[in-house]
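Visitor: Can you keep this structure in mind? I'll have questions shortly.
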Amino acid sequence: MSITFYAAPQSSASPVSCALRELGVPHERVNLNLAAGDQRKPEYLALNPNGKVPLLVVDGTPLFEALAILQWLGDTYGVDKGLWPAAGSPAPRQRTCRPTGRSAPTACWVREWCRIMSTTPSSLRPVTRCTAST
Ligand SMILES: N[C@@H](CCC(=O)N[C@@H](CS)C(=O)NCC(=O)O)C(=O)O
């Protein structure tokens, strides 16, 4: 599987960066310079019409929106590693939803992951491989 990850440091792409590392997903990373407007270039907008990072291109198919990407990564690579509930098993998701107090059941697990990754100092994160360079 060929995966290209379009990102920018310290951005909404950071939780995806953490997930790719934690799940050990081989990929090529392309850093965009948001200040220079790389995200508004026609060739990038052809992949992500929203003109934002993160973007994952999987075997030529673009995936965007961090939550959608995280859910796909979890479904595809996380189940075997015990890091993601298997499809069709609502109990684990319901359990992880409860502390967040949010209503969207499938999204809250990844929202919580995003929150942890973006607000916890790297030394305290459950995913120790995530660093400030993400
Ligand atoms: N809802 C989007 C938000 C993505 C987003 O806002 N990305 C910012 C960086 S944190 C971006 O690419 N900004 C560039 C721009 O708006 O021009 C997601 O979760 O993927």
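Simple scheme: letters A, B, ... for chains in structure tokens order, numbers from 1 for residues in each chain, numbers from 1 for ligands in the order shown.
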Check every protein, DNA and RNA residue against ligand 1, keep those with an atom at most 10 Å away (counting only C-alpha atoms and all ligand atoms), and present them as a PyMOL selection string.

Guide: chain A and resi 6-16+32-40+50-55+63-70+111+114

Visitor: Give me the residues near region 72-75 of chain A as a list in words, where near means some atom within 8 Å (using only C-alpha atoms) and where sequence neighbours in that chain fewer than 6 positions away do not count.

Guide: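 Near region 72-75 of chain A, the qualifying residues are Ala19, Leu20, Leu83, Trp84, Pro85, Ala86 and Ala87 of chain A.
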
Visitor: For CA of Ser89 (chain A) and CA of Glu22 (chain A), determine how far apart the two atoms are, in Å to one decimal place.

Guide: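 CA of Glu22 (chain A) lies 22.1 Å from CA of Ser89 (chain A).
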
Visitor: What's the 12 Å shell around Ser2 (chain A), counting only C-alpha atoms, without same-chain residues fewer than 5 positions away, as a ChimeraX atom specification?

Guide: /A:25-29,56-62

Visitor: For the residues in the current selection, export C-alpha atoms as a PDB file, in the first residue's frame.

Guide:
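Written output follows (out-v6.pdb):
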ATOM      1  CA  VAL A  25       2.469   2.576   9.090  1.00  0.00           C
ATOM      2  CA  PRO A  26       5.064   2.999   6.332  1.00  0.00           C
ATOM      3  CA  HIS A  27       4.481   6.283   4.539  1.00  0.00           C
ATOM      4  CA  GLU A  28       6.119   9.199   2.809  1.00  0.00           C
ATOM      5  CA  ARG A  29       5.673  12.562   4.540  1.00  0.00           C
ATOM      6  CA  LEU A  56      -3.463  11.164   3.295  1.00  0.00           C
ATOM      7  CA  VAL A  57      -3.231   9.777  -0.224  1.00  0.00           C
ATOM      8  CA  VAL A  58      -3.688   6.014  -0.140  1.00  0.00           C
ATOM      9  CA  ASP A  59      -2.940   4.232  -3.406  1.00  0.00           C
ATOM     10  CA  GLY A  60      -3.968   7.401  -5.213  1.00  0.00           C
ATOM     11  CA  THR A  61      -7.148   7.983  -3.195  1.00  0.00           C
ATOM     12  CA  PRO A  62      -7.171  11.194  -1.114  1.00  0.00           C
TER      13      PRO A  62
END

Visitor: Rounded to one decimal, what separation in Å do you get between CA of Asn31 (chain A) and CA of Leu45 (chain A)?

Guide: 15.1 Å

Visitor: Run DSSP on the backbone and tell me which residues of region 19-87 of chain A come out as helix (DSSP H, G or I); list them as a list in words.

Guide: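 Of region 19-87 of chain A, the ones in helix (DSSP H, G or I) are Ala19, Leu20, Arg21, Glu22, Leu23, Asp38, Gln39, Arg40, Pro42, Glu43, Tyr44, Leu45, Ala66, Leu67, Ala68, Ile69, Leu70, Gln71, Trp72, Leu73, Gly74, Asp75, Thr76, Tyr77 and Gly78 of chain A.
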
Visitor: Can you list, as a ChimeraX atom specification, all residues belonging to region 28-65 of chain A that DSSP tags as strand (DSSP E)?

Guide: /A:28-31,55-58,61-64

Visitor: Kindly save the residues from that selection, with N, CA and C atoms included, as a PDB file, in the first residue's frame.

Guide:
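out.pdb was written with the following content:
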ATOM      1  N   GLU A  28       5.244   8.082   3.165  1.00  0.00           N
ATOM      2  CA  GLU A  28       6.119   9.199   2.809  1.00  0.00           C
ATOM      3  C   GLU A  28       5.457  10.465   3.343  1.00  0.00           C
ATOM      4  N   ARG A  29       6.230  11.319   4.005  1.00  0.00           N
ATOM      5  CA  ARG A  29       5.673  12.562   4.540  1.00  0.00           C
ATOM      6  C   ARG A  29       6.092  13.746   3.666  1.00  0.00           C
ATOM      7  N   VAL A  30       5.109  14.591   3.353  1.00  0.00           N
ATOM      8  CA  VAL A  30       5.387  15.824   2.620  1.00  0.00           C
ATOM      9  C   VAL A  30       4.948  16.972   3.512  1.00  0.00           C
ATOM     10  N   ASN A  31       5.892  17.806   3.917  1.00  0.00           N
ATOM     11  CA  ASN A  31       5.552  18.966   4.738  1.00  0.00           C
ATOM     12  C   ASN A  31       5.183  20.151   3.864  1.00  0.00           C
ATOM     13  N   LEU A  55      -3.715  15.556   5.005  1.00  0.00           N
ATOM     14  CA  LEU A  55      -4.229  14.820   3.846  1.00  0.00           C
ATOM     15  C   LEU A  55      -3.423  13.535   3.749  1.00  0.00           C
ATOM     16  N   LEU A  56      -4.113  12.454   3.527  1.00  0.00           N
ATOM     17  CA  LEU A  56      -3.463  11.164   3.295  1.00  0.00           C
ATOM     18  C   LEU A  56      -3.869  10.713   1.898  1.00  0.00           C
ATOM     19  N   VAL A  57      -2.907  10.338   1.084  1.00  0.00           N
ATOM     20  CA  VAL A  57      -3.231   9.777  -0.224  1.00  0.00           C
ATOM     21  C   VAL A  57      -2.852   8.303  -0.191  1.00  0.00           C
ATOM     22  N   VAL A  58      -3.866   7.466  -0.276  1.00  0.00           N
ATOM     23  CA  VAL A  58      -3.688   6.014  -0.140  1.00  0.00           C
ATOM     24  C   VAL A  58      -3.919   5.372  -1.503  1.00  0.00           C
ATOM     25  N   THR A  61      -5.858   7.467  -3.675  1.00  0.00           N
ATOM     26  CA  THR A  61      -7.148   7.983  -3.195  1.00  0.00           C
ATOM     27  C   THR A  61      -6.924   8.960  -2.048  1.00  0.00           C
ATOM     28  N   PRO A  62      -7.373  10.227  -2.191  1.00  0.00           N
ATOM     29  CA  PRO A  62      -7.171  11.194  -1.114  1.00  0.00           C
ATOM     30  C   PRO A  62      -8.172  11.006   0.028  1.00  0.00           C
ATOM     31  N   LEU A  63      -7.646  11.064   1.245  1.00  0.00           N
ATOM     32  CA  LEU A  63      -8.476  11.064   2.459  1.00  0.00           C
ATOM     33  C   LEU A  63      -8.154  12.336   3.212  1.00  0.00           C
ATOM     34  N   PHE A  64      -9.168  13.132   3.544  1.00  0.00           N
ATOM     35  CA  PHE A  64      -8.896  14.319   4.355  1.00  0.00           C
ATOM     36  C   PHE A  64      -9.903  14.430   5.476  1.00  0.00           C
TER      37      PHE A  64
END
